[in-house]
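Dropping upload-v3.tsv in here (TSV, C-alpha atoms and all ligand atoms):
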```
chain	number	residue	atom	x	y	z
C	1	MET	CA	-3.98	-27.10	-2.85
C	2	THR	CA	-5.37	-25.96	0.51
C	3	ASP	CA	-8.58	-23.93	0.83
C	4	LEU	CA	-6.52	-20.84	1.61
C	5	GLN	CA	-4.37	-21.35	-1.50
C	6	ARG	CA	-7.56	-21.72	-3.52
C	7	LEU	CA	-8.78	-18.34	-2.25
C	8	ALA	CA	-5.41	-16.82	-3.13
C	9	ALA	CA	-5.78	-18.21	-6.66
C	10	VAL	CA	-9.27	-16.67	-6.97
C	11	LEU	CA	-7.86	-13.22	-6.07
C	12	ASP	CA	-4.84	-13.73	-8.30
C	13	ASP	CA	-7.12	-14.61	-11.24
C	14	ALA	CA	-9.26	-11.55	-10.53
C	15	THR	CA	-6.11	-9.39	-10.70
C	16	ARG	CA	-4.81	-10.97	-13.88
C	17	THR	CA	-8.12	-11.01	-15.71
C	18	VAL	CA	-9.04	-7.50	-14.45
C	19	THR	CA	-12.39	-8.83	-13.20
C	20	ALA	CA	-13.94	-8.07	-9.81
C	21	THR	CA	-14.74	-11.11	-7.67
C	22	PRO	CA	-17.28	-11.68	-4.86
C	23	GLN	CA	-16.12	-10.96	-1.30
C	24	LEU	CA	-14.48	-14.05	0.23
C	25	SER	CA	-15.82	-13.36	3.70
C	26	ALA	CA	-19.34	-14.02	2.43
C	27	ALA	CA	-18.54	-17.69	3.11
C	28	GLY	CA	-18.25	-16.76	6.79
C	29	TRP	CA	-15.23	-18.73	7.97
C	30	LEU	CA	-12.18	-16.63	7.08
C	31	SER	CA	-10.29	-15.51	10.22
C	32	LEU	CA	-7.80	-12.65	10.22
C	33	ASN	CA	-4.94	-15.16	10.50
C	34	ASP	CA	-6.38	-17.08	7.55
C	35	ALA	CA	-6.61	-13.82	5.62
C	36	TYR	CA	-2.89	-13.12	6.12
C	37	ALA	CA	-2.17	-16.70	5.03
C	38	VAL	CA	-4.19	-16.08	1.84
C	39	GLN	CA	-2.19	-12.87	1.33
C	40	ARG	CA	1.11	-14.77	1.72
C	41	ALA	CA	-0.08	-17.43	-0.74
C	42	GLY	CA	-1.02	-14.70	-3.21
C	43	VAL	CA	2.40	-13.07	-2.89
C	44	ALA	CA	3.97	-16.51	-3.43
C	45	LEU	CA	2.04	-16.82	-6.71
C	46	ARG	CA	3.51	-13.49	-7.80
C	47	THR	CA	7.08	-14.29	-6.79
C	48	GLY	CA	6.68	-17.73	-8.41
C	49	ARG	CA	6.20	-15.87	-11.69
C	50	GLY	CA	9.38	-13.88	-11.17
C	51	ASP	CA	8.11	-10.86	-9.23
C	52	ARG	CA	10.10	-9.74	-6.17
C	53	VAL	CA	9.06	-8.39	-2.74
C	54	VAL	CA	10.34	-4.83	-2.23
C	55	GLY	CA	8.53	-3.66	0.86
C	56	VAL	CA	5.51	-3.49	3.11
C	57	LYS	CA	2.53	-1.13	3.11
C	58	LEU	CA	0.21	-0.18	5.90
C	59	GLY	CA	-3.48	0.52	5.48
C	60	PHE	CA	-6.04	2.38	7.57
C	61	THR	CA	-3.43	4.31	9.53
C	62	SER	CA	-5.52	7.47	9.05
C	63	GLN	CA	-9.06	8.21	10.11
C	64	ALA	CA	-9.77	9.59	6.64
C	65	LYS	CA	-9.19	6.14	5.14
C	66	ALA	CA	-10.85	4.19	7.92
C	67	LEU	CA	-13.98	6.33	7.57
C	68	GLN	CA	-13.95	6.11	3.77
C	69	MET	CA	-13.82	2.31	3.78
C	70	GLY	CA	-15.63	1.52	7.05
C	71	VAL	CA	-12.71	-0.58	8.30
C	72	SER	CA	-10.73	0.65	11.28
C	73	ASP	CA	-7.90	-1.78	12.15
C	74	VAL	CA	-4.40	-1.12	10.83
C	75	ILE	CA	-3.55	-3.70	8.17
C	76	ALA	CA	-0.36	-4.62	6.32
C	77	GLY	CA	0.29	-5.77	2.77
C	78	VAL	CA	3.25	-6.58	0.56
C	79	LEU	CA	4.74	-4.38	-2.17
C	80	THR	CA	6.38	-6.03	-5.16
C	81	GLU	CA	8.63	-4.81	-7.93
C	82	GLU	CA	5.92	-5.16	-10.59
C	83	MET	CA	3.74	-2.69	-8.67
C	84	ARG	CA	6.38	0.02	-8.90
C	85	VAL	CA	5.75	3.03	-11.16
C	86	GLU	CA	8.78	5.29	-11.58
C	87	ASP	CA	8.25	8.93	-10.62
C	88	GLY	CA	6.93	10.75	-13.71
C	89	GLN	CA	6.06	7.56	-15.59
C	90	SER	CA	2.69	6.32	-16.74
C	91	VAL	CA	0.34	3.58	-15.57
C	92	ASP	CA	-1.89	1.56	-17.86
C	93	PRO	CA	-5.42	1.78	-16.42
C	94	SER	CA	-6.68	-1.06	-18.64
C	95	ARG	CA	-4.86	-3.48	-16.31
C	96	LEU	CA	-6.81	-2.25	-13.28
C	97	ILE	CA	-10.42	-2.96	-12.23
C	98	HIS	CA	-11.58	0.23	-10.46
C	99	PRO	CA	-8.40	1.91	-9.31
C	100	ARG	CA	-8.11	4.70	-6.78
C	101	ILE	CA	-5.11	6.77	-5.81
C	102	GLU	CA	-3.98	8.24	-2.51
C	103	PRO	CA	-1.07	10.32	-1.17
C	104	GLU	CA	1.37	8.65	1.19
C	105	VAL	CA	4.73	8.98	2.89
C	106	ALA	CA	7.35	6.33	2.16
C	107	PHE	CA	10.31	5.27	4.28
C	108	ARG	CA	13.25	3.13	3.26
C	109	LEU	CA	15.13	0.89	5.69
C	110	GLY	CA	18.90	1.34	5.76
C	111	VAL	CA	19.57	-1.87	7.69
C	112	ASP	CA	17.79	-5.18	8.23
C	113	VAL	CA	15.07	-5.18	10.86
C	114	ASP	CA	14.42	-8.51	12.57
C	115	PRO	CA	10.76	-8.25	13.55
C	116	ALA	CA	11.34	-10.71	16.42
C	117	ASP	CA	14.35	-8.85	17.89
C	118	PRO	CA	13.20	-6.35	20.55
C	119	ASN	CA	16.51	-4.48	20.14
C	120	ASP	CA	15.90	-3.66	16.49
C	121	ASP	CA	14.56	-0.09	16.35
C	122	PRO	CA	12.58	0.40	13.12
C	123	VAL	CA	12.66	4.20	13.43
C	124	ALA	CA	16.46	4.20	13.71
C	125	ALA	CA	16.62	1.69	10.83
C	126	ALA	CA	14.70	4.01	8.48
C	127	CYS	CA	17.32	6.01	6.59
C	128	ASP	CA	15.27	7.74	3.89
C	129	VAL	CA	11.89	9.39	3.44
C	130	ALA	CA	9.98	10.47	0.34
C	131	PRO	CA	6.53	11.56	-0.82
C	132	ALA	CA	4.61	8.68	-2.40
C	133	LEU	CA	1.46	7.78	-4.30
C	134	GLU	CA	-0.36	4.50	-3.88
C	135	ILE	CA	-2.72	2.99	-6.43
C	136	ILE	CA	-5.23	0.72	-4.76
C	137	ASP	CA	-7.51	-1.57	-6.72
C	138	SER	CA	-9.72	-3.85	-4.68
C	139	ARG	CA	-10.25	-7.13	-6.43
C	140	TYR	CA	-13.75	-7.24	-4.88
C	141	ARG	CA	-16.97	-6.13	-6.48
C	142	ASP	CA	-17.94	-2.51	-5.81
C	143	PHE	CA	-14.64	-1.92	-3.92
C	144	ARG	CA	-16.37	-3.24	-0.77
C	145	PHE	CA	-14.82	-5.61	1.75
C	146	SER	CA	-14.52	-6.74	5.36
C	147	LEU	CA	-11.23	-6.49	7.24
C	148	GLU	CA	-10.49	-10.16	6.41
C	149	ASP	CA	-11.36	-9.64	2.74
C	150	VAL	CA	-9.02	-6.70	2.28
C	151	VAL	CA	-6.15	-8.40	4.09
C	152	ALA	CA	-6.53	-11.51	1.92
C	153	ASP	CA	-6.51	-9.19	-1.12
C	154	ASN	CA	-3.07	-7.88	-0.13
C	155	THR	CA	-4.74	-4.70	1.18
C	156	SER	CA	-5.82	-3.67	-2.35
C	157	ALA	CA	-2.17	-3.03	-3.31
C	158	ALA	CA	-1.85	-2.44	-7.05
C	159	GLY	CA	0.84	0.17	-7.64
C	160	PHE	CA	3.05	2.74	-5.97
C	161	ALA	CA	5.34	5.58	-6.96
C	162	VAL	CA	7.98	7.12	-4.73
C	163	GLY	CA	9.47	10.61	-5.19
C	164	ALA	CA	13.09	11.56	-4.58
C	165	TRP	CA	14.46	10.00	-1.40
C	166	GLN	CA	15.96	12.29	1.21
C	167	SER	CA	17.94	11.35	4.30
C	168	LEU	CA	15.44	11.01	7.15
C	169	ALA	CA	17.98	12.27	9.71
C	170	GLN	CA	18.72	15.32	7.59
C	171	VAL	CA	15.05	16.05	7.02
C	172	ARG	CA	14.30	15.67	10.72
C	173	SER	CA	17.11	18.05	11.68
C	174	GLY	CA	15.35	20.87	9.86
C	175	LEU	CA	11.73	19.82	9.75
C	176	ASP	CA	9.17	18.30	12.09
C	177	ILE	CA	7.78	15.51	9.93
C	178	VAL	CA	4.94	15.01	12.39
C	179	ASN	CA	2.78	17.72	10.83
C	180	LEU	CA	3.54	18.36	7.18
C	181	GLY	CA	0.89	19.38	4.68
C	182	VAL	CA	-0.11	16.64	2.25
C	183	SER	CA	-2.03	17.25	-0.95
C	184	LEU	CA	-3.26	15.17	-3.84
C	185	GLU	CA	-3.57	16.84	-7.23
C	186	VAL	CA	-5.36	15.61	-10.35
C	187	ASP	CA	-4.54	17.52	-13.54
C	188	GLY	CA	-3.24	20.41	-11.47
C	189	THR	CA	-6.29	20.72	-9.21
C	190	VAL	CA	-5.95	19.91	-5.53
C	191	VAL	CA	-8.55	17.23	-4.78
C	192	GLU	CA	-7.57	16.16	-1.24
C	193	THR	CA	-5.56	17.80	1.51
C	194	GLY	CA	-4.35	16.51	4.84
C	195	SER	CA	-1.38	16.30	7.14
C	196	THR	CA	1.23	13.69	7.96
C	197	ALA	CA	-0.22	13.90	11.48
C	198	ALA	CA	-3.21	11.98	10.11
C	199	ILE	CA	-0.95	8.91	9.87
C	200	LEU	CA	-1.19	7.40	13.37
C	201	GLY	CA	-0.66	10.89	14.85
C	202	ASN	CA	2.96	10.73	13.66
C	203	PRO	CA	4.14	8.96	10.50
C	204	LEU	CA	7.17	7.54	12.35
C	205	ARG	CA	4.68	5.41	14.30
C	206	ALA	CA	4.02	3.60	11.03
C	207	LEU	CA	7.53	2.15	11.32
C	208	ILE	CA	6.78	0.81	14.77
C	209	ALA	CA	3.46	-0.59	13.51
C	210	VAL	CA	5.17	-2.23	10.53
C	211	LYS	CA	7.61	-4.06	12.78
C	212	ARG	CA	4.75	-5.27	14.99
C	213	MET	CA	2.69	-6.44	12.00
C	214	ALA	CA	5.79	-8.05	10.45
C	215	ARG	CA	6.35	-10.09	13.61
C	216	GLN	CA	2.70	-11.14	13.77
C	217	TYR	CA	2.27	-12.03	10.12
C	218	SER	CA	5.73	-13.16	8.94
C	219	LEU	CA	6.58	-10.19	6.75
C	220	PRO	CA	10.30	-9.74	6.03
C	221	LEU	CA	11.97	-6.34	6.63
C	222	PRO	CA	15.41	-6.48	5.03
C	223	ALA	CA	17.56	-3.39	4.39
C	224	GLY	CA	16.26	-1.53	1.36
C	225	SER	CA	12.61	-2.32	2.13
C	226	ILE	CA	10.16	0.40	1.16
C	227	ILE	CA	7.54	1.10	3.80
C	228	LEU	CA	4.36	2.89	2.78
C	229	ALA	CA	2.99	4.51	5.93
C	230	GLY	CA	-0.63	4.69	4.75
C	231	ALA	CA	-2.69	7.37	3.07
C	232	ALA	CA	-3.01	10.72	4.80
C	233	THR	CA	-6.30	11.51	3.01
C	234	ALA	CA	-9.18	9.61	1.46
C	235	ALA	CA	-8.47	8.00	-1.92
C	236	VAL	CA	-9.94	9.33	-5.18
C	237	PRO	CA	-10.68	7.46	-8.42
C	238	LEU	CA	-7.61	7.18	-10.63
C	239	PRO	CA	-8.44	9.26	-13.72
C	240	SER	CA	-8.77	7.17	-16.87
C	241	ALA	CA	-8.16	9.74	-19.60
C	242	PRO	CA	-4.80	9.19	-21.31
C	243	GLY	CA	-2.44	12.02	-20.44
C	244	SER	CA	-4.11	12.85	-17.11
C	245	ALA	CA	-1.64	13.52	-14.33
C	246	VAL	CA	-1.83	12.77	-10.61
C	247	SER	CA	0.64	14.05	-8.05
C	248	ALA	CA	1.15	14.07	-4.31
C	249	THR	CA	2.95	16.89	-2.55
C	250	VAL	CA	4.27	16.69	1.00
C	251	THR	CA	5.50	20.06	2.27
C	252	GLY	CA	9.26	19.94	2.72
C	253	LEU	CA	9.58	16.48	1.17
C	254	GLY	CA	8.60	17.35	-2.37
C	255	ARG	CA	6.34	15.92	-5.01
C	256	VAL	CA	5.81	12.67	-6.88
C	257	ALA	CA	3.74	12.35	-10.05
C	258	ILE	CA	2.38	9.74	-12.42
C	259	THR	CA	0.47	10.02	-15.66
C	260	ILE	CA	-2.23	7.91	-17.25
C	261	GLY	CA	-1.05	5.96	-20.24
C	262	GLY	CA	-2.91	3.88	-22.77
C	263	GLY	CA	-5.28	5.14	-25.42
C	264	GLY	CA	-2.73	4.50	-28.15
C	265	SER	CA	-3.23	2.36	-31.24
C	266	ASP	CA	-2.51	-0.73	-29.12
C	267	GLY	CA	-5.68	0.26	-27.24
L	301	LIG	C1	-7.32	-0.75	1.50
L	301	LIG	C2	-5.94	-0.19	1.58
L	301	LIG	C3	-5.80	0.98	2.55
L	301	LIG	C4	-4.29	2.97	3.13
L	301	LIG	O1	-3.33	3.67	2.79
L	301	LIG	O2	-5.02	3.25	4.09
L	301	LIG	C5	-4.56	1.75	2.32
L	301	LIG	C6	-8.26	0.07	0.64
L	301	LIG	O3	-8.58	1.20	0.98
L	301	LIG	O4	-8.70	-0.48	-0.38
L	301	LIG	O5	-3.75	1.45	1.48
L	302	MG	MG	-2.47	3.13	0.94
```

Take the structure I supplied and represent it as structure tokens, if you would.
Ligand code: OOG
Ligand code: MG
Amino acid sequence: MTDLQRLAAVLDDATRTVTATPQLSAAGWLSLNDAYAVQRAGVALRTGRGDRVVGVKLGFTSQAKALQMGVSDVIAGVLTEEMRVEDGQSVDPSRLIHPRIEPEVAFRLGVDVDPADPNDDPVAAACDVAPALEIIDSRYRDFRFSLEDVVADNTSAAGFAVGAWQSLAQVRSGLDIVNLGVSLEVDGTVVETGSTAAILGNPLRALIAVKRMARQYSLPLPAGSIILAGAATAAVPLPSAPGSAVSATVTGLGRVAITIGGGGSDG
């Protein structure tokens, strides 16, 4: 096992035992390239257990998030099938360390994008768009990290829910997706508001950024990939009370919701 694989195993254990771990960067030698290698090794541990890669997420594409976390470079992580929460379904908070939730926009690729092929246009490849929620759960103590730490930790990815997909071309023919209202609601109360413009000035730029990051860090972008463009607002703590509901609404795109499960006799 290499040192980088060992770090991936530490983060994987933290996830599986629901126990926060010290920041890796404290050791002082982890480069950004190393951090992406740790991320890949961590994803390999998941897929080795039967999980499946379903997409890519971006982080820190909005100022709201960069300011909240004190980290300003755009980062990319991997989404897997086990992270998926169906729209309207519940999440079990006992499997998460200190989860937060944030409203996002999701795209879906209609055709393969070869990150190395300059002729592949990721915006043209995106066929669908939907409102989305992301659950982030840093595996680090106190939800604090450096850029290298958070990349190694698969950008805090823990869960995501996507609302009803709509054809991106159809949406764009009637709606300018560059400035749509975004809100995050907890138990019916709006707790954060923003605009899709917060995402790199235009959420379609997230697709261009994803292709660039995919080329740099060996992330695959096959047809069907889900792309999370990044939160449009700051994240809020995921409520823990069973039955609580969280939703994200993007004007013109619709709404996606999850509820908090657990609290039953199985504890
Ligand atoms: C890192 C992930 C950031 C986003 O949408 O900006 C992110 C974190 O905040 O823990 O997913
Ligand atoms: Mg996010």

Grab me every residue within 8 Å of ligand MG 302 (chain L), counting all atoms listed in the file, and send it over as a list in words.
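Checking all atoms listed in the file against ligand MG 302 (chain L) at 8 Å gives Lys57, Leu58, Gly59, Phe60, Glu102, Pro103, Glu104, Glu134, Ile135, Ile136, Ala157, Leu228, Ala229, Gly230 and Ala231 of chain C.
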
Can you measure atom CA of C:Gln166 to atom CA of C:Leu221 for me? One decimal in Å is fine.
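Atom-to-atom, atom CA of C:Gln166 and atom CA of C:Leu221 are spaced 19.8 Å apart.
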
Need the shell around stretch 113-119 of chain C: protein/DNA/RNA residues with any atom at most 7 Å away, counting all atoms listed in the file. Skip same-chain ones fewer than 3 positions apart. Format as a ChimeraX atom specification?
/C:122,211-212,214-215,221-222

Export of prior selection with C-alpha atoms as a CSV table (one decimal), in the frame of the given file:
```
chain,number,residue,atom,x,y,z
C,122,PRO,CA,12.6,0.4,13.1
C,211,LYS,CA,7.6,-4.1,12.8
C,212,ARG,CA,4.8,-5.3,15.0
C,214,ALA,CA,5.8,-8.0,10.4
C,215,ARG,CA,6.4,-10.1,13.6
C,221,LEU,CA,12.0,-6.3,6.6
C,222,PRO,CA,15.4,-6.5,5.0
```

Please identify every polymer residue within 10 Å of ligand LIG 301 (chain L), using all atoms listed in the file, and present the set as a PyMOL selection string.
chain C and resi 57-77+99-105+133-140+143-145+147+149-151+153-158+199+228-235

The selected residues should be written to file as a short mmCIF file (atom, residue, chain, number, x, y, z; two decimals), in the coordinates of the input (atoms: C-alpha atoms).
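Output below, filename result-v8.cif:
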```cif
data_model
loop_
_atom_site.label_atom_id
_atom_site.label_comp_id
_atom_site.auth_asym_id
_atom_site.auth_seq_id
_atom_site.Cartn_x
_atom_site.Cartn_y
_atom_site.Cartn_z
CA LYS C 57 2.53 -1.13 3.11
CA LEU C 58 0.21 -0.18 5.90
CA GLY C 59 -3.48 0.52 5.48
CA PHE C 60 -6.04 2.38 7.57
CA THR C 61 -3.43 4.31 9.53
CA SER C 62 -5.52 7.47 9.05
CA GLN C 63 -9.06 8.21 10.11
CA ALA C 64 -9.77 9.59 6.64
CA LYS C 65 -9.19 6.14 5.14
CA ALA C 66 -10.85 4.19 7.92
CA LEU C 67 -13.98 6.33 7.57
CA GLN C 68 -13.95 6.11 3.77
CA MET C 69 -13.82 2.31 3.78
CA GLY C 70 -15.63 1.52 7.05
CA VAL C 71 -12.71 -0.58 8.30
CA SER C 72 -10.73 0.65 11.28
CA ASP C 73 -7.90 -1.78 12.15
CA VAL C 74 -4.40 -1.12 10.83
CA ILE C 75 -3.55 -3.70 8.17
CA ALA C 76 -0.36 -4.62 6.32
CA GLY C 77 0.29 -5.77 2.77
CA PRO C 99 -8.40 1.91 -9.31
CA ARG C 100 -8.11 4.70 -6.78
CA ILE C 101 -5.11 6.77 -5.81
CA GLU C 102 -3.98 8.24 -2.51
CA PRO C 103 -1.07 10.32 -1.17
CA GLU C 104 1.37 8.65 1.19
CA VAL C 105 4.73 8.98 2.89
CA LEU C 133 1.46 7.78 -4.30
CA GLU C 134 -0.36 4.50 -3.88
CA ILE C 135 -2.72 2.99 -6.43
CA ILE C 136 -5.23 0.72 -4.76
CA ASP C 137 -7.51 -1.57 -6.72
CA SER C 138 -9.72 -3.85 -4.68
CA ARG C 139 -10.25 -7.13 -6.43
CA TYR C 140 -13.75 -7.24 -4.88
CA PHE C 143 -14.64 -1.92 -3.92
CA ARG C 144 -16.37 -3.24 -0.77
CA PHE C 145 -14.82 -5.61 1.75
CA LEU C 147 -11.23 -6.49 7.24
CA ASP C 149 -11.36 -9.64 2.74
CA VAL C 150 -9.02 -6.70 2.28
CA VAL C 151 -6.15 -8.40 4.09
CA ASP C 153 -6.51 -9.19 -1.12
CA ASN C 154 -3.07 -7.88 -0.13
CA THR C 155 -4.74 -4.70 1.18
CA SER C 156 -5.82 -3.67 -2.35
CA ALA C 157 -2.17 -3.03 -3.31
CA ALA C 158 -1.85 -2.44 -7.05
CA ILE C 199 -0.95 8.91 9.87
CA LEU C 228 4.36 2.89 2.78
CA ALA C 229 2.99 4.51 5.93
CA GLY C 230 -0.63 4.69 4.75
CA ALA C 231 -2.69 7.37 3.07
CA ALA C 232 -3.01 10.72 4.80
CA THR C 233 -6.30 11.51 3.01
CA ALA C 234 -9.18 9.61 1.46
CA ALA C 235 -8.47 8.00 -1.92
#
```

Using only C-alpha atoms, can you tell me which of C:Val38, C:Val78, C:Ala8, C:Leu96 comes closest to C:Ala20?
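Comparing C:Val38, C:Val78, C:Ala8, C:Leu96 against C:Ala20, the winner is C:Leu96.
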
Coordinates-based distance that separates atom CA of C:Glu148 from atom CA of C:Leu30 (Å, one decimal):
6.7 Å

Using Å and a single decimal, report how far atom CA of C:Ala106 sits from atom CA of C:Thr251.
13.9 Å

Which residue, C:Ile226, C:Leu7, C:Ala197, C:Ala126, has the smallest gap to C:Tyr36 when you use all atoms listed in the file?
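That would be C:Leu7, the residue with the smallest distance to C:Tyr36.
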
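With all atoms listed in the file as the atoms that count, the minimum distance from C:Asp142 to the choices C:Ala164, C:Val250, C:Ala26, C:Ile97 is reached by C:Ile97.
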
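Nearest residue to C:Leu184, choosing from C:Ser146, C:Ser247, C:Gln170, C:Asn202 and counting only C-alpha atoms: C:Ser247.
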
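Closest approach to C:Gln89 among C:Ala132, C:Val182, C:Ala209, C:Ala161 is made by C:Ala161 (distances from only C-alpha atoms).
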
Restore all heavy atoms in stretch 197-206 of chain C and list the result as a PDB file, in the coordinates of the input.
```
ATOM      1  N   ALA C 197       0.272  14.234  10.129  1.00  0.00           N
ATOM      2  CA  ALA C 197      -0.220  13.900  11.480  1.00  0.00           C
ATOM      3  C   ALA C 197      -1.398  12.937  11.412  1.00  0.00           C
ATOM      4  O   ALA C 197      -1.698  12.231  12.380  1.00  0.00           O
ATOM      5  CB  ALA C 197      -0.625  15.170  12.222  1.00  0.00           C
ATOM      6  N   ALA C 198      -2.068  12.905  10.260  1.00  0.00           N
ATOM      7  CA  ALA C 198      -3.210  11.980  10.110  1.00  0.00           C
ATOM      8  C   ALA C 198      -2.755  10.534  10.171  1.00  0.00           C
ATOM      9  O   ALA C 198      -3.553   9.634  10.441  1.00  0.00           O
ATOM     10  CB  ALA C 198      -3.919  12.254   8.782  1.00  0.00           C
ATOM     11  N   ILE C 199      -1.469  10.291   9.889  1.00  0.00           N
ATOM     12  CA  ILE C 199      -0.950   8.910   9.870  1.00  0.00           C
ATOM     13  C   ILE C 199      -0.534   8.519  11.289  1.00  0.00           C
ATOM     14  O   ILE C 199       0.554   8.870  11.756  1.00  0.00           O
ATOM     15  CB  ILE C 199       0.241   8.805   8.883  1.00  0.00           C
ATOM     16  CG1 ILE C 199      -0.169   9.282   7.480  1.00  0.00           C
ATOM     17  CG2 ILE C 199       0.788   7.387   8.848  1.00  0.00           C
ATOM     18  CD1 ILE C 199       1.004   9.581   6.552  1.00  0.00           C
ATOM     19  N   LEU C 200      -1.427   7.877  12.000  1.00  0.00           N
ATOM     20  CA  LEU C 200      -1.190   7.400  13.370  1.00  0.00           C
ATOM     21  C   LEU C 200      -0.740   8.513  14.320  1.00  0.00           C
ATOM     22  O   LEU C 200      -0.069   8.253  15.317  1.00  0.00           O
ATOM     23  CB  LEU C 200      -0.153   6.261  13.369  1.00  0.00           C
ATOM     24  CG  LEU C 200      -0.545   4.993  12.607  1.00  0.00           C
ATOM     25  CD1 LEU C 200       0.626   4.008  12.554  1.00  0.00           C
ATOM     26  CD2 LEU C 200      -1.762   4.306  13.248  1.00  0.00           C
ATOM     27  N   GLY C 201      -1.064   9.770  13.994  1.00  0.00           N
ATOM     28  CA  GLY C 201      -0.660  10.890  14.850  1.00  0.00           C
ATOM     29  C   GLY C 201       0.776  11.320  14.591  1.00  0.00           C
ATOM     30  O   GLY C 201       1.182  12.407  14.988  1.00  0.00           O
ATOM     31  N   ASN C 202       1.544  10.472  13.931  1.00  0.00           N
ATOM     32  CA  ASN C 202       2.960  10.730  13.660  1.00  0.00           C
ATOM     33  C   ASN C 202       3.415   9.633  12.697  1.00  0.00           C
ATOM     34  O   ASN C 202       3.369   8.457  13.043  1.00  0.00           O
ATOM     35  CB  ASN C 202       3.748  10.651  14.976  1.00  0.00           C
ATOM     36  CG  ASN C 202       5.252  10.779  14.782  1.00  0.00           C
ATOM     37  OD1 ASN C 202       5.756  10.736  13.650  1.00  0.00           O
ATOM     38  ND2 ASN C 202       5.969  10.908  15.880  1.00  0.00           N
ATOM     39  N   PRO C 203       3.832   9.998  11.488  1.00  0.00           N
ATOM     40  CA  PRO C 203       4.140   8.960  10.500  1.00  0.00           C
ATOM     41  C   PRO C 203       5.257   8.004  10.939  1.00  0.00           C
ATOM     42  O   PRO C 203       5.327   6.868  10.455  1.00  0.00           O
ATOM     43  CB  PRO C 203       4.542   9.748   9.248  1.00  0.00           C
ATOM     44  CG  PRO C 203       4.866  11.116   9.726  1.00  0.00           C
ATOM     45  CD  PRO C 203       4.049  11.357  10.961  1.00  0.00           C
ATOM     46  N   LEU C 204       6.105   8.452  11.869  1.00  0.00           N
ATOM     47  CA  LEU C 204       7.170   7.540  12.350  1.00  0.00           C
ATOM     48  C   LEU C 204       6.567   6.343  13.089  1.00  0.00           C
ATOM     49  O   LEU C 204       7.177   5.270  13.155  1.00  0.00           O
ATOM     50  CB  LEU C 204       8.138   8.291  13.270  1.00  0.00           C
ATOM     51  CG  LEU C 204       8.956   9.392  12.589  1.00  0.00           C
ATOM     52  CD1 LEU C 204       9.743  10.186  13.619  1.00  0.00           C
ATOM     53  CD2 LEU C 204       9.897   8.800  11.535  1.00  0.00           C
ATOM     54  N   ARG C 205       5.345   6.544  13.621  1.00  0.00           N
ATOM     55  CA  ARG C 205       4.680   5.410  14.300  1.00  0.00           C
ATOM     56  C   ARG C 205       4.364   4.297  13.310  1.00  0.00           C
ATOM     57  O   ARG C 205       4.185   3.150  13.703  1.00  0.00           O
ATOM     58  CB  ARG C 205       3.380   5.869  14.974  1.00  0.00           C
ATOM     59  CG  ARG C 205       3.635   6.723  16.171  1.00  0.00           C
ATOM     60  CD  ARG C 205       2.415   6.778  17.102  1.00  0.00           C
ATOM     61  NE  ARG C 205       2.701   7.752  18.139  1.00  0.00           N
ATOM     62  CZ  ARG C 205       2.024   8.879  18.342  1.00  0.00           C
ATOM     63  NH1 ARG C 205       0.946   9.141  17.626  1.00  0.00           N
ATOM     64  NH2 ARG C 205       2.386   9.723  19.276  1.00  0.00           N
ATOM     65  N   ALA C 206       4.279   4.642  12.036  1.00  0.00           N
ATOM     66  CA  ALA C 206       4.020   3.600  11.030  1.00  0.00           C
ATOM     67  C   ALA C 206       5.166   2.577  11.026  1.00  0.00           C
ATOM     68  O   ALA C 206       4.954   1.389  10.781  1.00  0.00           O
ATOM     69  CB  ALA C 206       3.872   4.226   9.643  1.00  0.00           C
TER      70      ALA C 206
END
```
